[in-house]
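Presented below is the structure to which this report refers.
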Amino acid sequence: MAEHLHELLDDGSGSIRPELLPLFDMLRQMRRPWGGITWAKLPHVQRNLQALARSQVPLTHEGLSQLMPWRSVAYLRDLLVQCGVLPQADRHLLLFQRWLAEKLSTVSDPEHSKLLELFAAWHVERRLRTLAGRGPLTGSQTKQARNEFHLAITFLDYLAQGGRALADCTQTEIDGWYAGGYTARRLTHTFLRWAMRSQHMAAVTLPHRSTDNPAPITQQQRLALLRQLVNRDDVPLQDRVAAVLVLLYAQPLTRISRLSTDDVQHEDGNVLVRLGDPSSPVPAPFDRMLLDYLGQRPNTRTATNPEARWLFPGRRAGQPMTPEALAPRLRNLGFPTRPGRTAAIRHLVLQAPAPVIARMLGYNDDHTTRIAEEAGGTWRHYAPGDHRR
């Protein structure tokens with residue numbers, strides 16, 4: 001492994017490029033070197049490593065964006081960040097920016113291209129940067145941004161087929177567009193609202209249809225699923241733990257994926273999970289399940305996450321498993337995440353005041369209060385705050 005890496009990372013002088021020595025050390029110390037050897041023998045991996053070693057592209061995030069294929073480059077970027085060669089950066093934002101540049105290059109109409117560049121700069125990327133400033137972006141957030149931008153392109157093409165520009169768009173064109181499929185085209189709202197605010201088109205009325213969450217499962221179904229999670233040894237333990245966090249604590253997968261091992265506390269024989277303040281107790285037999293899982297977390301035996309503190313380590317260096325990876329695993333096993341989470345939060349707000357539940361589980365007070373009112377809870381007049389005074 002070390003010999004092969006030495007050859008790939010040679011800067012042309014017979015020595016490894018000094019800036020890449022941390023990457024060399026991390027890779028050659030991996031617990032399963034055969035996996036690293038297989039990876040390093042891939043032609044595109046060799047080509048990219050040699051390009052960095054010989055300064056054919058800058059050793060920066062911008063330089064990596066010049067390399068292909070993008071999935072392999074994203075993996076390499078994570079490794080370089082993990083070992084300290086590159087500074088921390090939001091990987092989802094970088095991937096979106098790369099996708100955006102490629103997408104814009106396919107737009108042939110100059111007027112459309114100008115409008116889309118403005119939309120991307122002043123709304124889509126601006127919003128993503130704001131979200132990234134609050135915490136790491138999720139795949140769902142960038143997926144929505146891609147869909148919004150794709151629908152903006154499609155809508156402009158729809159107008160062009162009718163011989164109209166965006167400035168000439170009327171309510172007739174809007175109604176015809178959404179008549180072709182409201183659900184699939186709902187995200188066009190974002191582009192149209194931006195266009196009206198920035199005076200690129202006249203004011204029109206956008207249609208609205210309810211997109212409420214699916215109905216929750218019953219309490220009996222929820223308890224039956226929890227019993228299955230204890231007894232089904234044929235289900236991977238990581239999937240059972242993730243499903244428990246959904247069904248017991250009404251946690252969304254976006255939050256579950258960001259939990260760390262430090263969020264699981266074992267004090268005086270009691271197991272707690274830190275989802276808010278205070279931490280939530282884990283009842284038996286789920287406490288033992290969670291402790292057993294801590295000793296056998298996946299994806300910790302390669303060069304990517306050997307020292308990972310994530311509760312659900314991912315396959316990319318320094319990254320947790322994504323919600324997009326967790327969701328199909330639970331869905332394929334028959335665990336309904338959204339209906340199950342809705343059932344859990346409705347049951348919890350009936351057992352205790354909504355503000356208390358909100359703080360323990362990391363929810364917003366107003367959200368849990370509204371759910372309690374919908375569920376017919378009796379704690380609606382409970383005053384939040386410290387009642388010890």
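Numbering starts fresh at 1 for the residues of each chain in the structure tokens, the chains themselves are lettered A, B, ... in the order given, and ligands are numbered from 1 as they appear.
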Running DSSP on the backbone, which parts of stretch 106-352 of chain A land in strand (DSSP E or B), as a ChimeraX atom specification?
-> /A:260,264-267,270-273,280-281,310,313,320
Could you write those residues out with N, CA, C and O atoms, as an mmCIF file, in the first residue's frame?
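Output file again_4.cif follows:
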```cif
data_model
loop_
_atom_site.group_PDB
_atom_site.id
_atom_site.type_symbol
_atom_site.label_atom_id
_atom_site.label_comp_id
_atom_site.auth_asym_id
_atom_site.auth_seq_id
_atom_site.Cartn_x
_atom_site.Cartn_y
_atom_site.Cartn_z
ATOM 1 N N SER A 260 -23.966 12.235 17.583
ATOM 2 C CA SER A 260 -22.632 11.669 17.809
ATOM 3 C C SER A 260 -22.680 10.704 18.986
ATOM 4 O O SER A 260 -23.670 10.646 19.732
ATOM 5 N N VAL A 264 -24.924 10.023 23.441
ATOM 6 C CA VAL A 264 -25.414 8.874 24.211
ATOM 7 C C VAL A 264 -24.674 8.869 25.547
ATOM 8 O O VAL A 264 -23.450 8.719 25.590
ATOM 9 N N GLN A 265 -25.397 9.050 26.635
ATOM 10 C CA GLN A 265 -24.795 9.178 27.960
ATOM 11 C C GLN A 265 -25.173 7.978 28.827
ATOM 12 O O GLN A 265 -26.329 7.560 28.848
ATOM 13 N N HIS A 266 -24.168 7.430 29.517
ATOM 14 C CA HIS A 266 -24.367 6.269 30.395
ATOM 15 C C HIS A 266 -23.937 6.688 31.789
ATOM 16 O O HIS A 266 -22.737 6.736 32.079
ATOM 17 N N GLU A 267 -24.900 7.013 32.651
ATOM 18 C CA GLU A 267 -24.599 7.540 33.974
ATOM 19 C C GLU A 267 -25.384 6.788 35.041
ATOM 20 O O GLU A 267 -26.609 6.679 34.962
ATOM 21 N N ASN A 270 -27.994 4.350 34.115
ATOM 22 C CA ASN A 270 -29.056 4.849 33.243
ATOM 23 C C ASN A 270 -28.473 5.314 31.920
ATOM 24 O O ASN A 270 -27.390 5.896 31.873
ATOM 25 N N VAL A 271 -29.208 5.070 30.835
ATOM 26 C CA VAL A 271 -28.798 5.499 29.503
ATOM 27 C C VAL A 271 -29.692 6.649 29.074
ATOM 28 O O VAL A 271 -30.916 6.567 29.197
ATOM 29 N N LEU A 272 -29.072 7.716 28.611
ATOM 30 C CA LEU A 272 -29.817 8.871 28.130
ATOM 31 C C LEU A 272 -29.301 9.244 26.741
ATOM 32 O O LEU A 272 -28.151 8.979 26.397
ATOM 33 N N VAL A 273 -30.168 9.871 25.955
ATOM 34 C CA VAL A 273 -29.770 10.359 24.639
ATOM 35 C C VAL A 273 -30.053 11.852 24.591
ATOM 36 O O VAL A 273 -31.138 12.311 24.969
ATOM 37 N N SER A 280 -32.948 12.870 27.191
ATOM 38 C CA SER A 280 -34.108 11.982 27.329
ATOM 39 C C SER A 280 -33.670 10.599 27.788
ATOM 40 O O SER A 280 -32.705 10.040 27.252
ATOM 41 N N PRO A 281 -34.338 10.027 28.770
ATOM 42 C CA PRO A 281 -33.991 8.674 29.214
ATOM 43 C C PRO A 281 -34.353 7.641 28.151
ATOM 44 O O PRO A 281 -35.339 7.800 27.434
ATOM 45 N N TRP A 310 -19.396 10.054 14.985
ATOM 46 C CA TRP A 310 -20.793 10.017 14.548
ATOM 47 C C TRP A 310 -21.461 8.754 15.056
ATOM 48 O O TRP A 310 -20.864 7.681 15.067
ATOM 49 N N PRO A 313 -21.734 6.567 11.371
ATOM 50 C CA PRO A 313 -20.667 7.009 10.465
ATOM 51 C C PRO A 313 -20.991 6.654 9.019
ATOM 52 O O PRO A 313 -21.566 5.600 8.723
ATOM 53 N N PRO A 320 -21.125 11.787 8.416
ATOM 54 C CA PRO A 320 -22.068 10.784 8.906
ATOM 55 C C PRO A 320 -22.859 10.177 7.746
ATOM 56 O O PRO A 320 -22.804 10.664 6.618
#
```
All residues 9 Å or closer to stretch 100-110 of chain A, only C-alpha atoms, same chain fewer than 2 positions away omitted, as number ranges by chain = A: 95-98, 112-117, 120, 146, 149-150, 153
Using only C-alpha atoms, pick whichever of A:Leu311, A:Leu206, A:Leu27, A:Leu156 has the shortest atom-to-atom distance to A:Tyr178.
->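 Comparing A:Leu311, A:Leu206, A:Leu27, A:Leu156 against A:Tyr178, the winner is A:Leu206.
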Shell of 9 Å around A:Thr302, only C-alpha atoms, local chain residues under 4 positions omitted, as a ChimeraX atom specification = /A:27,30-33,35-36,306,315
What's the 7 Å shell around stretch 286-291 of chain A, counting only C-alpha atoms, without same-chain residues fewer than 3 positions away, as number ranges by chain?
-> A: 241, 271, 282-283, 294
Looking at A:Arg71, A:Gln219, A:Arg329, A:Val230, which one is nearest to A:Leu348, with distances taken over only C-alpha atoms?
->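 Among the listed residues, the smallest separation from A:Leu348 belongs to A:Gln219.
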Contacts of A:Gly314 at 9 Å (only C-alpha atoms; same-chain gap of 6+ positions) as a list of chain:residue names =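 My reading of the contact set: A:Pro298, A:Asn299, A:Thr300, A:Thr304, A:Asn305, A:Pro320, A:Met321, A:Thr322.
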Identify, on the basis of only C-alpha atoms, every residue whose closest approach to stretch 51-65 of chain A does not exceed 10 Å; exclude the query and any residue fewer than 6 positions from it along the same chain; express the result as number ranges by chain.
-> A: 7-13, 15-20, 45, 73-74, 76-77, 80-81, 85-89, 91, 94-95, 97-98
What would the file look like if the residues just selected were written as a tab-separated table (two decimals), in the first residue's frame with N, CA and C atoms?
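As a result, part.tsv now contains:
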```tsv
chain	number	residue	atom	x	y	z
A	7	GLU	N	4.33	6.01	-5.20
A	7	GLU	CA	4.42	6.20	-6.65
A	7	GLU	C	3.38	7.21	-7.14
A	8	LEU	N	2.16	7.12	-6.60
A	8	LEU	CA	1.08	8.01	-7.06
A	8	LEU	C	1.26	9.45	-6.59
A	9	LEU	N	1.81	9.62	-5.40
A	9	LEU	CA	1.94	10.95	-4.81
A	9	LEU	C	3.30	11.58	-5.05
A	10	ASP	N	4.10	10.96	-5.90
A	10	ASP	CA	5.42	11.49	-6.25
A	10	ASP	C	5.26	12.82	-6.99
A	11	ASP	N	5.97	13.85	-6.53
A	11	ASP	CA	5.87	15.16	-7.16
A	11	ASP	C	6.80	15.34	-8.36
A	12	GLY	N	7.45	14.23	-8.77
A	12	GLY	CA	8.35	14.28	-9.91
A	12	GLY	C	9.81	14.29	-9.52
A	13	SER	N	10.08	14.43	-8.22
A	13	SER	CA	11.46	14.46	-7.74
A	13	SER	C	11.86	13.16	-7.06
A	15	SER	N	10.11	12.01	-4.50
A	15	SER	CA	9.57	12.11	-3.14
A	15	SER	C	8.10	12.51	-3.19
A	16	ILE	N	7.39	12.19	-2.13
A	16	ILE	CA	5.98	12.57	-2.03
A	16	ILE	C	5.88	14.08	-1.86
A	17	ARG	N	4.92	14.69	-2.55
A	17	ARG	CA	4.71	16.12	-2.38
A	17	ARG	C	4.46	16.42	-0.90
A	18	PRO	N	5.22	17.33	-0.29
A	18	PRO	CA	5.13	17.54	1.17
A	18	PRO	C	3.71	17.80	1.67
A	19	GLU	N	2.93	18.58	0.91
A	19	GLU	CA	1.59	18.91	1.36
A	19	GLU	C	0.68	17.69	1.43
A	20	LEU	N	1.04	16.61	0.70
A	20	LEU	CA	0.20	15.42	0.66
A	20	LEU	C	0.66	14.34	1.63
A	45	VAL	N	-8.74	7.44	-10.16
A	45	VAL	CA	-8.13	7.81	-8.88
A	45	VAL	C	-6.64	8.08	-9.07
A	73	VAL	N	-14.13	12.48	-6.99
A	73	VAL	CA	-13.49	13.70	-6.50
A	73	VAL	C	-14.09	14.10	-5.15
A	74	ALA	N	-15.39	13.93	-4.98
A	74	ALA	CA	-16.03	14.25	-3.69
A	74	ALA	C	-15.46	13.38	-2.58
A	76	LEU	N	-12.44	11.97	-2.59
A	76	LEU	CA	-11.07	12.42	-2.37
A	76	LEU	C	-11.05	13.73	-1.58
A	77	ARG	N	-11.98	14.61	-1.87
A	77	ARG	CA	-12.05	15.88	-1.13
A	77	ARG	C	-12.27	15.63	0.36
A	80	LEU	N	-9.07	14.56	1.98
A	80	LEU	CA	-8.12	15.67	2.14
A	80	LEU	C	-8.54	16.60	3.27
A	81	VAL	N	-9.84	16.79	3.46
A	81	VAL	CA	-10.32	17.61	4.57
A	81	VAL	C	-10.09	16.88	5.89
A	85	VAL	N	-5.34	18.47	4.98
A	85	VAL	CA	-4.67	19.05	3.81
A	85	VAL	C	-5.48	20.23	3.28
A	86	LEU	N	-6.80	20.10	3.27
A	86	LEU	CA	-7.69	21.17	2.83
A	86	LEU	C	-8.51	21.67	4.02
A	87	PRO	N	-8.89	22.95	4.02
A	87	PRO	CA	-9.73	23.46	5.11
A	87	PRO	C	-11.15	22.91	5.03
A	88	GLN	N	-11.86	23.00	6.14
A	88	GLN	CA	-13.25	22.56	6.17
A	88	GLN	C	-14.09	23.39	5.20
A	89	ALA	N	-15.00	22.74	4.51
A	89	ALA	CA	-15.93	23.41	3.60
A	89	ALA	C	-17.19	22.56	3.53
A	91	ARG	N	-19.50	20.36	1.96
A	91	ARG	CA	-19.38	19.51	0.78
A	91	ARG	C	-20.62	19.58	-0.10
A	94	LEU	N	-20.45	22.75	-2.18
A	94	LEU	CA	-19.46	22.62	-3.25
A	94	LEU	C	-20.00	21.76	-4.40
A	95	LEU	N	-20.66	20.66	-4.05
A	95	LEU	CA	-21.23	19.79	-5.08
A	95	LEU	C	-22.33	20.51	-5.85
A	97	GLN	N	-22.57	23.78	-6.35
A	97	GLN	CA	-21.95	24.79	-7.21
A	97	GLN	C	-21.38	24.15	-8.47
A	98	ARG	N	-20.81	22.97	-8.34
A	98	ARG	CA	-20.29	22.27	-9.51
A	98	ARG	C	-21.43	21.89	-10.44
```
Which residue of A:Asp263, A:Glu125, A:Asp25, A:Asp90 approaches A:Ala145 most closely, using only C-alpha atoms = A:Glu125
Could you pull out the residues in stretch 122-274 of chain A that DSSP calls helix (DSSP H, G or I) from the backbone, as JSON, numbers by chain?
-> {"A": [122, 123, 124, 125, 126, 127, 128, 129, 130, 131, 132, 133, 134, 139, 140, 141, 142, 143, 144, 145, 146, 147, 148, 149, 150, 151, 152, 153, 154, 155, 156, 157, 158, 159, 160, 161, 166, 167, 168, 171, 172, 173, 174, 175, 176, 177, 178, 179, 182, 183, 184, 185, 188, 189, 190, 191, 192, 193, 194, 195, 196, 197, 219, 220, 221, 222, 223, 224, 225, 226, 227, 228, 229, 230, 231, 237, 238, 239, 240, 241, 242, 243, 244, 245, 246, 247, 248, 249, 253, 254, 255, 256, 261, 262, 263]}
Using only C-alpha atoms, determine which residues lie at most 9 Å from stretch 330-335 of chain A, disregarding the query and same-chain residues fewer than 6 positions distant; provide the list as a list in words.
->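 These residues fall inside the cut-off: Leu225, Val235, Asp239, Arg240, Ala242 and Ala243 of chain A.
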